[in-house]
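Source file start_17.cif; content: mmCIF, C-alpha atoms and all ligand atoms.
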data_my_file
loop_
_atom_site.label_atom_id
_atom_site.label_comp_id
_atom_site.auth_asym_id
_atom_site.auth_seq_id
_atom_site.Cartn_x
_atom_site.Cartn_y
_atom_site.Cartn_z
CA MET G 1280 -20.45 46.34 -44.64
CA ASN G 1281 -19.12 47.99 -41.49
CA SER G 1282 -15.43 48.56 -40.95
CA LYS G 1283 -15.26 46.01 -38.16
CA THR G 1284 -16.28 43.22 -40.52
CA VAL G 1285 -13.63 44.30 -42.98
CA ALA G 1286 -10.91 44.51 -40.38
CA SER G 1287 -11.58 41.13 -38.80
CA ARG G 1288 -11.34 38.02 -40.92
CA SER G 1289 -14.85 36.74 -41.47
CA PHE G 1290 -14.29 33.77 -43.79
CA MET G 1291 -11.49 31.47 -44.85
CA LYS G 1292 -11.49 29.52 -48.07
CA ILE G 1293 -10.15 25.99 -48.37
CA GLU G 1294 -7.95 26.47 -51.42
CA SER G 1295 -6.11 23.18 -51.54
CA ILE G 1296 -5.76 19.88 -49.73
CA ALA G 1297 -2.89 17.41 -49.95
CA LEU G 1298 -3.24 13.94 -48.47
CA ARG G 1299 -0.05 11.97 -47.97
CA GLU G 1300 0.82 8.55 -46.64
CA ILE G 1301 4.16 8.51 -44.88
CA HIS G 1302 6.02 5.52 -43.49
CA MET G 1303 7.84 5.85 -40.18
CA GLN G 1304 9.48 3.18 -38.07
CA LEU G 1305 9.06 3.27 -34.30
CA ILE G 1306 12.33 2.96 -32.36
CA SER G 1307 10.99 -0.25 -30.85
CA PRO G 1308 7.85 -2.34 -31.35
CA PHE G 1309 4.85 -1.33 -29.23
CA GLU G 1310 2.70 -4.20 -27.97
CA ALA G 1311 -0.87 -3.89 -26.69
CA SER G 1312 -3.44 -6.64 -26.06
CA PHE G 1313 -4.58 -6.27 -29.68
CA GLY G 1314 -1.13 -6.84 -31.21
CA ALA G 1315 2.24 -5.23 -31.86
CA VAL G 1316 3.25 -2.44 -34.21
CA GLN G 1317 6.57 -1.06 -35.35
CA ASN G 1318 6.09 0.13 -38.92
CA ARG G 1319 3.65 2.99 -38.93
CA ARG G 1320 1.68 4.03 -42.00
CA ILE G 1321 0.55 7.55 -41.13
CA LEU G 1322 -1.67 9.87 -43.16
CA LEU G 1323 -0.94 13.60 -43.09
CA VAL G 1324 -3.38 16.24 -44.26
CA GLU G 1325 -2.10 19.61 -45.44
CA VAL G 1326 -4.66 22.32 -46.14
CA VAL G 1327 -4.14 25.77 -47.55
CA ALA G 1328 -6.76 28.27 -46.38
CA ASP G 1329 -6.41 31.90 -47.47
CA GLY G 1330 -2.71 31.23 -48.01
CA ALA G 1331 -2.08 29.73 -44.55
CA ILE G 1332 -0.82 26.14 -44.44
CA GLY G 1333 -2.26 23.86 -41.77
CA TRP G 1334 -1.30 20.28 -40.91
CA GLY G 1335 -3.34 17.44 -39.46
CA GLU G 1336 -2.64 13.77 -38.79
CA VAL G 1337 -4.95 10.80 -39.18
CA THR G 1338 -4.37 8.60 -36.14
CA ALA G 1339 -5.87 5.37 -37.52
CA GLY G 1340 -3.82 2.22 -37.07
CA GLU G 1341 -2.58 -0.06 -39.81
CA THR G 1342 -5.15 -2.69 -38.81
CA PRO G 1343 -8.69 -2.32 -37.38
CA ALA G 1344 -7.54 -3.76 -34.02
CA TYR G 1345 -8.07 -0.68 -31.84
CA ASN G 1346 -11.12 0.77 -33.61
CA PRO G 1347 -12.76 0.06 -36.99
CA GLU G 1348 -10.68 2.57 -38.97
CA THR G 1349 -7.37 1.87 -40.70
CA THR G 1350 -4.86 3.90 -42.69
CA ASP G 1351 -6.53 2.60 -45.84
CA THR G 1352 -10.15 3.27 -44.83
CA ALA G 1353 -9.14 6.84 -43.94
CA TRP G 1354 -7.37 7.23 -47.29
CA HIS G 1355 -10.56 6.10 -49.03
CA VAL G 1356 -12.93 8.26 -46.99
CA ILE G 1357 -10.82 11.43 -47.23
CA SER G 1358 -10.07 10.93 -50.94
CA ASP G 1359 -13.53 9.93 -52.09
CA PHE G 1360 -15.82 11.80 -49.70
CA ILE G 1361 -14.29 14.44 -47.41
CA ALA G 1362 -11.85 16.28 -49.67
CA PRO G 1363 -14.26 16.53 -52.64
CA SER G 1364 -17.01 17.94 -50.41
CA VAL G 1365 -14.93 20.60 -48.63
CA ILE G 1366 -12.52 21.79 -51.33
CA GLY G 1367 -13.18 25.36 -52.43
CA LYS G 1368 -15.63 25.99 -49.58
CA SER G 1369 -15.46 29.07 -47.38
CA LEU G 1370 -16.17 28.97 -43.67
CA ALA G 1371 -16.22 31.39 -40.78
CA GLU G 1372 -14.35 29.12 -38.37
CA SER G 1373 -12.97 25.59 -38.20
CA PRO G 1374 -15.89 23.93 -36.35
CA ASN G 1375 -18.11 24.76 -39.34
CA ILE G 1376 -16.36 22.08 -41.38
CA ARG G 1377 -18.33 19.53 -39.38
CA ALA G 1378 -21.54 20.56 -41.12
CA MET G 1379 -19.92 19.62 -44.46
CA MET G 1380 -19.24 16.07 -43.25
CA THR G 1381 -22.61 15.16 -41.74
CA GLN G 1382 -23.35 12.76 -44.59
CA ILE G 1383 -20.34 10.67 -43.57
CA ARG G 1384 -21.15 8.27 -40.74
CA GLY G 1385 -18.33 7.33 -38.39
CA HIS G 1386 -14.77 7.58 -39.74
CA GLU G 1387 -13.91 9.95 -36.92
CA MET G 1388 -10.16 9.68 -37.45
CA ALA G 1389 -10.42 10.59 -41.12
CA LYS G 1390 -12.56 13.61 -40.26
CA SER G 1391 -10.21 14.64 -37.46
CA GLY G 1392 -7.18 14.73 -39.77
CA VAL G 1393 -8.91 17.25 -42.02
CA GLU G 1394 -10.63 19.33 -39.34
CA ASN G 1395 -7.47 19.67 -37.27
CA ALA G 1396 -5.41 20.82 -40.25
CA LEU G 1397 -7.94 23.61 -40.68
CA TRP G 1398 -7.64 24.57 -37.00
CA ASP G 1399 -3.87 24.95 -37.46
CA ALA G 1400 -4.43 27.16 -40.52
CA GLU G 1401 -7.04 29.27 -38.72
CA ALA G 1402 -4.73 29.81 -35.73
CA GLN G 1403 -2.01 31.01 -38.09
CA LEU G 1404 -4.38 33.34 -39.92
CA LYS G 1405 -5.36 34.83 -36.56
CA GLY G 1406 -1.75 34.96 -35.38
CA VAL G 1407 -2.41 32.97 -32.20
CA PRO G 1408 -1.15 29.63 -30.87
CA LEU G 1409 -3.61 26.82 -31.57
CA SER G 1410 -3.83 26.18 -27.81
CA LYS G 1411 -5.17 29.74 -27.33
CA LEU G 1412 -7.60 29.51 -30.26
CA LEU G 1413 -9.03 26.38 -28.61
CA GLY G 1414 -9.35 28.25 -25.30
CA GLY G 1415 -6.47 26.51 -23.55
CA THR G 1416 -5.28 27.89 -20.23
CA ILE G 1417 -2.53 25.45 -19.13
CA GLU G 1418 0.99 26.59 -20.08
CA GLU G 1419 2.94 23.51 -19.08
CA ILE G 1420 1.22 20.16 -19.55
CA ALA G 1421 1.78 17.07 -17.39
CA CYS G 1422 3.09 13.97 -19.16
CA GLY G 1423 2.86 10.26 -18.57
CA VAL G 1424 4.03 7.29 -20.62
CA SER G 1425 2.31 4.21 -21.97
CA LEU G 1426 4.48 1.09 -21.78
CA GLY G 1427 3.85 -1.85 -24.07
CA ILE G 1428 3.48 -5.45 -22.91
CA ARG G 1429 6.85 -7.06 -22.18
CA GLU G 1430 8.32 -10.51 -22.02
CA ASN G 1431 8.63 -10.60 -18.23
CA PRO G 1432 7.99 -8.45 -15.13
CA GLN G 1433 11.73 -7.80 -14.58
CA SER G 1434 12.22 -6.11 -17.93
CA LEU G 1435 9.05 -4.06 -17.33
CA VAL G 1436 10.34 -2.87 -13.95
CA LYS G 1437 13.59 -1.81 -15.62
CA LYS G 1438 11.69 0.14 -18.26
CA VAL G 1439 9.53 1.86 -15.63
CA GLU G 1440 12.65 2.91 -13.74
CA GLU G 1441 14.10 4.43 -16.88
CA GLU G 1442 10.93 6.43 -17.62
CA LEU G 1443 10.67 7.68 -14.05
CA ARG G 1444 14.26 8.84 -14.28
CA SER G 1445 13.28 10.92 -17.32
CA GLY G 1446 10.69 12.62 -15.11
CA TYR G 1447 7.39 11.19 -16.33
CA GLN G 1448 4.61 11.81 -13.82
CA ARG G 1449 2.48 8.75 -14.47
CA ILE G 1450 3.22 5.27 -15.75
CA LYS G 1451 0.63 3.28 -17.69
CA LEU G 1452 1.13 -0.42 -18.27
CA LYS G 1453 -0.52 -2.30 -21.10
CA ILE G 1454 -2.04 -5.54 -19.82
CA LYS G 1455 -3.84 -8.61 -21.14
CA PRO G 1456 -5.02 -11.87 -19.56
CA GLY G 1457 -1.95 -13.76 -18.34
CA LYS G 1458 0.20 -10.63 -18.44
CA ASP G 1459 -1.51 -8.58 -15.80
CA TYR G 1460 -1.43 -9.24 -12.02
CA GLU G 1461 2.15 -10.45 -11.82
CA PHE G 1462 3.46 -7.58 -13.98
CA VAL G 1463 1.55 -4.87 -12.13
CA SER G 1464 2.51 -6.40 -8.79
CA ALA G 1465 6.23 -6.32 -9.65
CA VAL G 1466 6.06 -2.66 -10.65
CA ARG G 1467 3.97 -1.63 -7.64
CA LYS G 1468 6.34 -3.43 -5.27
CA GLU G 1469 9.33 -1.58 -6.65
CA PHE G 1470 7.57 1.81 -6.84
CA PRO G 1471 4.95 1.98 -4.07
CA ASN G 1472 4.15 5.68 -4.48
CA ILE G 1473 4.00 6.44 -8.18
CA LEU G 1474 0.87 7.28 -10.17
CA LEU G 1475 0.27 3.96 -11.89
CA SER G 1476 -2.46 2.86 -14.27
CA VAL G 1477 -3.21 -0.01 -16.65
CA ASP G 1478 -4.78 -0.26 -20.10
CA ALA G 1479 -6.43 -3.49 -21.28
CA ASN G 1480 -7.64 -2.35 -24.71
CA SER G 1481 -10.79 -4.49 -24.36
CA ALA G 1482 -9.02 -7.75 -23.55
CA TYR G 1483 -11.45 -8.86 -20.79
CA SER G 1484 -15.11 -9.70 -20.32
CA LEU G 1485 -17.45 -9.56 -17.31
CA ASP G 1486 -16.49 -13.19 -16.68
CA ASP G 1487 -13.09 -11.85 -15.62
CA THR G 1488 -14.57 -9.63 -12.89
CA ALA G 1489 -12.92 -11.59 -10.04
CA ASN G 1490 -9.49 -11.22 -11.66
CA LEU G 1491 -9.98 -7.55 -12.41
CA LYS G 1492 -11.04 -7.00 -8.81
CA LYS G 1493 -7.66 -8.32 -7.69
CA LEU G 1494 -6.05 -5.29 -9.31
CA ASP G 1495 -7.67 -3.23 -6.52
CA ASP G 1496 -4.65 -4.38 -4.45
CA PHE G 1497 -2.41 -1.93 -6.30
CA GLU G 1498 -4.22 1.39 -5.77
CA LEU G 1499 -4.13 2.15 -9.45
CA LEU G 1500 -5.13 5.57 -10.72
CA MET G 1501 -7.36 3.78 -13.23
CA ILE G 1502 -7.97 0.77 -15.41
CA GLU G 1503 -8.51 1.79 -18.99
CA GLN G 1504 -11.03 0.07 -21.28
CA PRO G 1505 -11.16 -3.39 -19.69
CA LEU G 1506 -14.25 -4.56 -21.63
CA SER G 1507 -15.49 -4.50 -25.21
CA TRP G 1508 -14.32 -1.66 -27.48
CA ASP G 1509 -17.90 -0.46 -28.09
CA ASP G 1510 -19.47 -1.19 -24.71
CA ILE G 1511 -20.77 1.30 -22.18
CA TYR G 1512 -23.37 -0.75 -20.27
CA GLU G 1513 -21.22 -3.69 -19.11
CA HIS G 1514 -18.55 -1.29 -17.87
CA SER G 1515 -21.18 0.08 -15.45
CA LYS G 1516 -21.69 -3.46 -14.12
CA LEU G 1517 -17.94 -3.86 -13.67
CA GLN G 1518 -17.39 -0.40 -12.13
CA ALA G 1519 -19.98 -1.22 -9.45
CA GLN G 1520 -17.91 -4.25 -8.41
CA ILE G 1521 -14.35 -2.89 -8.37
CA GLN G 1522 -12.72 -0.06 -6.44
CA THR G 1523 -10.29 0.99 -9.15
CA ALA G 1524 -11.64 3.80 -11.32
CA ILE G 1525 -12.51 2.71 -14.84
CA CYS G 1526 -11.39 5.04 -17.63
CA LEU G 1527 -13.05 4.65 -21.01
CA ASP G 1528 -11.08 5.08 -24.21
CA GLU G 1529 -12.32 3.06 -27.23
CA SER G 1530 -16.05 3.29 -26.32
CA ILE G 1531 -16.22 7.09 -26.28
CA ARG G 1532 -16.44 8.55 -29.77
CA ASN G 1533 -18.56 11.62 -29.05
CA THR G 1534 -19.93 13.71 -26.20
CA THR G 1535 -23.20 11.78 -26.08
CA HIS G 1536 -21.24 8.59 -25.40
CA ALA G 1537 -19.31 10.39 -22.65
CA LEU G 1538 -22.49 11.69 -21.01
CA THR G 1539 -24.09 8.24 -21.22
CA ALA G 1540 -21.06 6.66 -19.58
CA ILE G 1541 -21.05 9.27 -16.80
CA LYS G 1542 -24.77 8.85 -16.19
CA LEU G 1543 -24.52 5.05 -16.08
CA GLU G 1544 -21.41 5.29 -13.85
CA SER G 1545 -19.51 3.18 -16.36
CA CYS G 1546 -16.33 5.11 -15.65
CA ARG G 1547 -14.94 7.85 -13.44
CA ILE G 1548 -12.33 9.16 -15.88
CA ILE G 1549 -12.32 9.68 -19.65
CA ASN G 1550 -9.43 9.47 -22.10
CA ILE G 1551 -9.86 11.93 -24.96
CA LYS G 1552 -8.10 11.22 -28.25
CA LEU G 1553 -8.52 13.75 -31.02
CA GLY G 1554 -8.84 11.15 -33.75
CA ARG G 1555 -11.27 8.91 -31.91
CA VAL G 1556 -13.65 11.81 -31.19
CA SER G 1557 -13.38 13.34 -34.71
CA GLY G 1558 -11.26 16.39 -33.97
CA HIS G 1559 -10.72 19.48 -31.84
CA THR G 1560 -14.32 20.71 -31.89
CA GLU G 1561 -15.79 17.57 -30.37
CA ALA G 1562 -12.80 17.03 -28.07
CA ARG G 1563 -13.24 20.50 -26.62
CA ARG G 1564 -16.98 20.01 -26.13
CA MET G 1565 -16.43 16.65 -24.41
CA GLN G 1566 -13.78 18.12 -22.15
CA GLU G 1567 -16.16 20.93 -21.16
CA GLU G 1568 -19.08 18.61 -20.38
CA CYS G 1569 -16.83 16.33 -18.33
CA ARG G 1570 -15.42 19.29 -16.43
CA LYS G 1571 -18.90 20.54 -15.54
CA ARG G 1572 -19.60 17.14 -14.03
CA GLY G 1573 -16.30 16.84 -12.18
CA VAL G 1574 -15.05 13.99 -14.37
CA PRO G 1575 -11.29 14.31 -15.05
CA VAL G 1576 -10.05 13.81 -18.61
CA TRP G 1577 -6.61 13.28 -20.07
CA CYS G 1578 -5.09 13.18 -23.53
CA GLY G 1579 -4.54 9.73 -25.02
CA GLY G 1580 -1.92 8.91 -27.64
CA MET G 1581 -1.89 6.90 -30.85
CA LEU G 1582 1.87 6.66 -31.49
CA GLU G 1583 1.66 9.90 -33.44
CA SER G 1584 4.26 11.66 -35.51
CA GLY G 1585 5.19 15.17 -34.41
CA ILE G 1586 2.17 16.67 -36.14
CA GLY G 1587 -0.39 14.61 -34.23
CA ARG G 1588 1.71 15.07 -31.10
CA ALA G 1589 1.65 18.88 -31.51
CA HIS G 1590 -2.15 18.79 -31.80
CA ASN G 1591 -2.26 16.70 -28.61
CA VAL G 1592 -0.13 19.30 -26.82
CA ALA G 1593 -2.52 22.08 -27.86
CA MET G 1594 -5.61 20.10 -26.76
CA SER G 1595 -4.04 19.23 -23.40
CA THR G 1596 -4.01 22.92 -22.43
CA LEU G 1597 -7.81 22.95 -21.98
CA PRO G 1598 -8.80 23.27 -18.31
CA GLY G 1599 -10.49 19.85 -18.02
CA PHE G 1600 -7.22 18.01 -18.72
CA THR G 1601 -6.30 17.55 -15.09
CA LEU G 1602 -4.49 14.19 -15.31
CA PRO G 1603 -1.13 13.53 -17.03
CA GLY G 1604 -1.64 12.43 -20.65
CA ASP G 1605 0.05 9.89 -22.92
CA VAL G 1606 1.81 12.81 -24.58
CA SER G 1607 5.48 12.06 -24.36
CA ALA G 1608 8.71 13.09 -26.07
CA SER G 1609 9.25 12.55 -29.81
CA GLN G 1610 12.51 10.76 -29.03
CA ARG G 1611 10.67 7.92 -27.27
CA TYR G 1612 9.13 7.02 -30.63
CA TRP G 1613 11.27 8.29 -33.49
CA ASN G 1614 14.93 8.61 -34.33
CA GLU G 1615 14.02 11.68 -36.32
CA ASP G 1616 10.64 13.40 -35.99
CA ILE G 1617 9.05 15.45 -38.78
CA ILE G 1618 8.70 18.60 -36.69
CA GLU G 1619 11.25 21.00 -35.26
CA PRO G 1620 11.96 21.26 -32.49
CA PRO G 1621 10.82 17.72 -31.61
CA VAL G 1622 8.42 17.47 -28.66
CA GLU G 1623 10.59 17.58 -25.56
CA VAL G 1624 9.79 16.72 -21.96
CA THR G 1625 11.35 18.57 -19.02
CA PRO G 1626 12.98 16.73 -16.09
CA LYS G 1627 9.73 17.48 -14.20
CA GLY G 1628 7.77 15.48 -16.77
CA THR G 1629 6.12 18.45 -18.46
CA ILE G 1630 5.92 19.93 -21.94
CA HIS G 1631 6.12 23.69 -22.42
CA VAL G 1632 3.32 24.76 -24.73
CA PRO G 1633 4.62 26.63 -27.79
CA LYS G 1634 3.75 30.31 -28.02
CA GLU G 1635 4.09 30.71 -31.79
CA PRO G 1636 0.99 30.93 -34.02
CA GLY G 1637 -0.67 27.67 -35.12
CA LEU G 1638 0.79 24.35 -33.97
CA GLY G 1639 3.95 26.19 -32.96
CA TYR G 1640 6.34 23.63 -34.39
CA PHE G 1641 8.03 23.84 -37.78
CA VAL G 1642 7.10 21.01 -40.16
CA ARG G 1643 10.18 19.58 -41.87
CA ARG G 1644 8.73 19.32 -45.36
CA ASP G 1645 11.97 17.81 -46.69
CA ARG G 1646 11.63 14.88 -44.27
CA VAL G 1647 7.92 14.52 -44.95
CA ASP G 1648 8.61 14.39 -48.70
CA LYS G 1649 11.25 11.69 -48.22
CA LEU G 1650 8.87 9.56 -46.15
CA THR G 1651 5.91 9.99 -48.53
CA VAL G 1652 4.80 6.88 -50.40
CA ARG G 1653 1.62 8.23 -52.01
CA ARG G 1654 -0.12 11.55 -52.36
CA ASN G 1655 -3.49 12.95 -53.50
CA ASP G 1656 -4.20 16.59 -54.23
CA TRP G 1657 -7.29 18.76 -54.50
CA GLY G 1658 -7.27 22.38 -55.62
CA ALA G 1659 -4.09 24.01 -56.84
CA ARG G 1660 -1.03 21.93 -56.08
CA ARG G 1661 1.63 24.27 -54.81
CA ALA G 1662 4.64 24.68 -57.06
CA ALA G 1663 7.02 24.18 -54.12
CA SER G 1664 6.74 20.40 -53.84
O1 LIG K 1701 -5.15 2.48 -26.01
O2 LIG K 1701 -4.06 4.24 -25.49
C1 LIG K 1701 -4.22 3.27 -26.24
C2 LIG K 1701 -1.36 3.14 -28.78
C3 LIG K 1701 -2.05 2.69 -29.89
C4 LIG K 1701 -3.38 2.40 -29.80
C5 LIG K 1701 -4.06 2.57 -28.59
C6 LIG K 1701 -3.39 3.04 -27.47
C7 LIG K 1701 -2.01 3.29 -27.57
C8 LIG K 1701 -1.19 3.70 -26.43
C9 LIG K 1701 0.09 4.43 -26.74
O3 LIG K 1701 -1.42 3.40 -25.29
C10 LIG K 1701 -0.02 5.87 -26.46
C11 LIG K 1701 1.16 6.63 -27.03
O4 LIG K 1701 2.22 6.59 -26.40
O5 LIG K 1701 1.03 7.25 -28.10
MG MG K 1702 -6.22 3.11 -24.28
#

Can the structure in the file be given as structure tokens, please?
Amino acid sequence: MNSKTVASRSFMKIESIALREIHMQLISPFEASFGAVQNRRILLVEVVADGAIGWGEVTAGETPAYNPETTDTAWHVISDFIAPSVIGKSLAESPNIRAMMTQIRGHEMAKSGVENALWDAEAQLKGVPLSKLLGGTIEEIACGVSLGIRENPQSLVKKVEEELRSGYQRIKLKIKPGKDYEFVSAVRKEFPNILLSVDANSAYSLDDTANLKKLDDFELLMIEQPLSWDDIYEHSKLQAQIQTAICLDESIRNTTHALTAIKLESCRIINIKLGRVSGHTEARRMQEECRKRGVPVWCGGMLESGIGRAHNVAMSTLPGFTLPGDVSASQRYWNEDIIEPPVEVTPKGTIHVPKEPGLGYFVRRDRVDKLTVRRNDWGARRAAS
């Protein structure tokens, strides 16, 4: 063994894993075309690797309305398949955990929760911010907001005004058939120059092409996921008939999907969500391939707690993230977040990337414990909690 190998850390061992379900209530209900949510059931993954504690969040929803995963399917897959197959294993770096999960098809969000916790631990072991370990270069990330469907256009306009006053650089409106043209029109009329986009969460079909084309009137930055949650081909048919750039969200679960969509011209922009693409390793690869092809990407959100939010901040520092993301302040979602400081947005609509090792935010274990409704442990359970 040469001295260099001894001096640099060559392997980390996954000593323990704790899986928790926590319950958190959003400040107000969030409505998308697939339904409304206020009471979040969030899974947190805590790993200990060579003594360093890393945190990850599973971003699955409570129901399979956005993608096929749910809080409960992720609990099952992590408890019965992922944790038993990775506990006690040693690996050179976080991406290597993917090779231990190849027998598990799909369940990207479950995998992401575990992989990302390991990334946090690795960054701490190396004494670097997670953003730097990932290769991030952006020091202040640009933020937008995603606004849920509202009762009427007037109340939406009021909400947009409020968010613009806080500094957000891009406003995204959730839409669905019957709550689209009139709502977008009211906002565009009031704010002719803002970066504005819409997200349909798969509420339309190709039969709606004429109506979707009408949205070209508003010079939107993009229309996100208008068609089926798992479609790539029909989006290429739609993109050829509308001027507004299509952005794919739900349909893109790995880099191959992204490359297929780019090749078919199904979209001109891609939304990257850590959970949907199975974690930092795949997110980084997708970002890189999109960047090579001149396709802008941005960081999507899943109504995360501070832990998922902190991972989103780190990912958003990668050079391909050239559009404002749905990464906004903790206080828009929670009365009390589980990290300290909470994620804060400057009056310019930016987030300063933390410079401390790992996620760079302190996890309030006392709050996490209070919110925990169930817990599973593998390896030695720490005496502390
Ligand atoms: O499609 O981007 C989406 C929330 C839940 C599920 C899907 C989506 C969203 C959002 C909110 O738009 C993003 C956020 O503020 O976290
Ligand atoms: Mg979306």

Query raised in the report: Leaving out stretch 1655-1657 of chain G and any residue of its chain fewer than 3 positions from it, which residues lie within 8 Å of it when counting only C-alpha atoms, given as a list in words?
Result: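 Here the qualifying residues turn out to be Ser1295, Ile1296, Ala1297, Leu1298, Arg1299, Ser1358, Ala1362, Pro1363, Ile1366 and Arg1660 of chain G.
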
Include C-alpha atoms and write out the residues we just selected as an mmCIF file, keeping the file's coordinate frame.
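Contents of result-v4.cif, freshly written:
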data_model
loop_
_atom_site.group_PDB
_atom_site.id
_atom_site.type_symbol
_atom_site.label_atom_id
_atom_site.label_comp_id
_atom_site.auth_asym_id
_atom_site.auth_seq_id
_atom_site.Cartn_x
_atom_site.Cartn_y
_atom_site.Cartn_z
ATOM 1 C CA SER G 1295 -6.110 23.180 -51.540
ATOM 2 C CA ILE G 1296 -5.760 19.880 -49.730
ATOM 3 C CA ALA G 1297 -2.890 17.410 -49.950
ATOM 4 C CA LEU G 1298 -3.240 13.940 -48.470
ATOM 5 C CA ARG G 1299 -0.050 11.970 -47.970
ATOM 6 C CA SER G 1358 -10.070 10.930 -50.940
ATOM 7 C CA ALA G 1362 -11.850 16.280 -49.670
ATOM 8 C CA PRO G 1363 -14.260 16.530 -52.640
ATOM 9 C CA ILE G 1366 -12.520 21.790 -51.330
ATOM 10 C CA ARG G 1660 -1.030 21.930 -56.080
#

Query raised in the report: From the set G:Thr1523, G:Thr1651, G:Ser1481, G:Gln1610, which residue has the shortest atom-to-atom contact distance to ligand MG 1702 (chain K), counting only C-alpha atoms and all ligand atoms?
Result: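 Distance minimum relative to ligand MG 1702 (chain K) lands on G:Ser1481.
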
Report task. Write out as a PyMOL selection string each polymer residue (protein, DNA or RNA) that has an atom no more than 8 Å from ligand LIG 1701 (chain K), with all atoms listed in the file counted. Result -> chain G and resi 1309+1311+1340+1345+1424-1427+1451+1453+1478-1480+1503-1504+1528-1529+1579-1583+1605-1607

Requested in this report: Could you check which of G:Pro1505, G:Pro1471, G:Pro1633, G:Pro1626 is closest to ligand MG 1702 (chain K), using all atoms listed in the file?
Outcome: G:Pro1505

Query raised in the report: Which one of G:Ile1420, G:Asp1495, G:Leu1527, G:Asn1490 sits closest to ligand MG 1702 (chain K) if you count all atoms listed in the file?
Result: G:Leu1527

Query raised in the report: Do you know which residues lie at most 12 Å from (11.1, -3.9, -5.4), with coordinates as in the file and all atoms listed in the file counted, and could you write them as JSON, numbers by chain?
Result: {"G": [1432, 1433, 1436, 1437, 1439, 1440, 1463, 1464, 1465, 1466, 1467, 1468, 1469, 1470, 1471, 1472]}

Query - Pick from G:Ile1617, G:Ile1383, G:Ala1328, G:Leu1397 nearest to G:Met1303, counting all atoms listed in the file - result: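 Of G:Ile1617, G:Ile1383, G:Ala1328, G:Leu1397, the one nearest G:Met1303 is G:Ile1617, counting all atoms listed in the file.
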
Requested in this report: Just the residues within 8 Å of stretch 1556-1564 of chain G, please, counting all atoms listed in the file, with nothing from its chain fewer than 4 positions along; format it as a list in words.
Outcome: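 Residues near the query, excluding close chain neighbours: Pro1374, His1386, Glu1387, Met1388, Ala1389, Lys1390, Ser1391, Gly1392, Glu1394, Asn1395, Trp1398, Leu1413, Ile1531, Arg1532, Asn1533, Thr1534, Ile1551, Lys1552, Glu1568, Met1594 and Leu1597 of chain G.
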
Requested in this report: List the residues sitting within 9 Å of (-1.9, -5.1, -12.4) in the file's frame, using all atoms listed in the file, as a PyMOL selection string.
Outcome: chain G and resi 1452+1454+1458-1467+1476-1477+1491+1493-1497+1499+1502

Query - Separation of atom CA of G:Arg1646 from atom CA of G:Ile1293 in Å - result: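 Between atom CA of G:Ile1293 and atom CA of G:Arg1646 the gap is 24.8 Å.
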
Query raised in the report: Which polymer residues have any atom within 12 Å of an atom of G:Gly1414, counting all atoms listed in the file, with same-chain residues fewer than 2 positions away left out, as a ChimeraX atom specification?
Result: /G:1402,1407-1412,1416-1418,1559-1560,1563-1564,1566-1567,1593-1599

Query raised in the report: At what distance in Å, to one decimal, does atom CA of G:Val1632 lie from atom CA of G:Tyr1612?
Result: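 Distance reported for this atom pair: 19.6 Å.
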
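The nearest approach to ligand MG 1702 (chain K) among the residues G:Ala1589, G:Ala1540, G:Ile1549, G:Val1365, with all atoms listed in the file taken into account, belongs to G:Ile1549.
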
Serialized stretch 1589-1595 of chain G w/ N, CA, C and O atoms as a short mmCIF file (atom, residue, chain, number, x, y, z; two decimals), in the first residue's frame:
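That gives us part-v7.cif:
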data_model
loop_
_atom_site.label_atom_id
_atom_site.label_comp_id
_atom_site.auth_asym_id
_atom_site.auth_seq_id
_atom_site.Cartn_x
_atom_site.Cartn_y
_atom_site.Cartn_z
N ALA G 1589 -32.34 21.25 0.59
CA ALA G 1589 -30.89 21.45 0.64
C ALA G 1589 -30.20 20.64 -0.47
O ALA G 1589 -29.25 21.12 -1.10
N HIS G 1590 -30.67 19.43 -0.72
CA HIS G 1590 -30.12 18.66 -1.84
C HIS G 1590 -30.39 19.36 -3.17
O HIS G 1590 -29.54 19.37 -4.06
N ASN G 1591 -31.58 19.94 -3.30
CA ASN G 1591 -31.91 20.67 -4.54
C ASN G 1591 -30.98 21.88 -4.74
O ASN G 1591 -30.56 22.18 -5.86
N VAL G 1592 -30.67 22.56 -3.64
CA VAL G 1592 -29.76 23.71 -3.72
C VAL G 1592 -28.40 23.24 -4.24
O VAL G 1592 -27.83 23.85 -5.16
N ALA G 1593 -27.90 22.15 -3.68
CA ALA G 1593 -26.57 21.64 -4.10
C ALA G 1593 -26.59 21.26 -5.58
O ALA G 1593 -25.69 21.64 -6.34
N MET G 1594 -27.63 20.55 -6.01
CA MET G 1594 -27.71 20.13 -7.42
C MET G 1594 -27.77 21.33 -8.36
O MET G 1594 -27.18 21.32 -9.44
N SER G 1595 -28.49 22.36 -7.94
CA SER G 1595 -28.70 23.54 -8.80
C SER G 1595 -27.42 24.32 -9.08
O SER G 1595 -27.44 25.27 -9.87
#
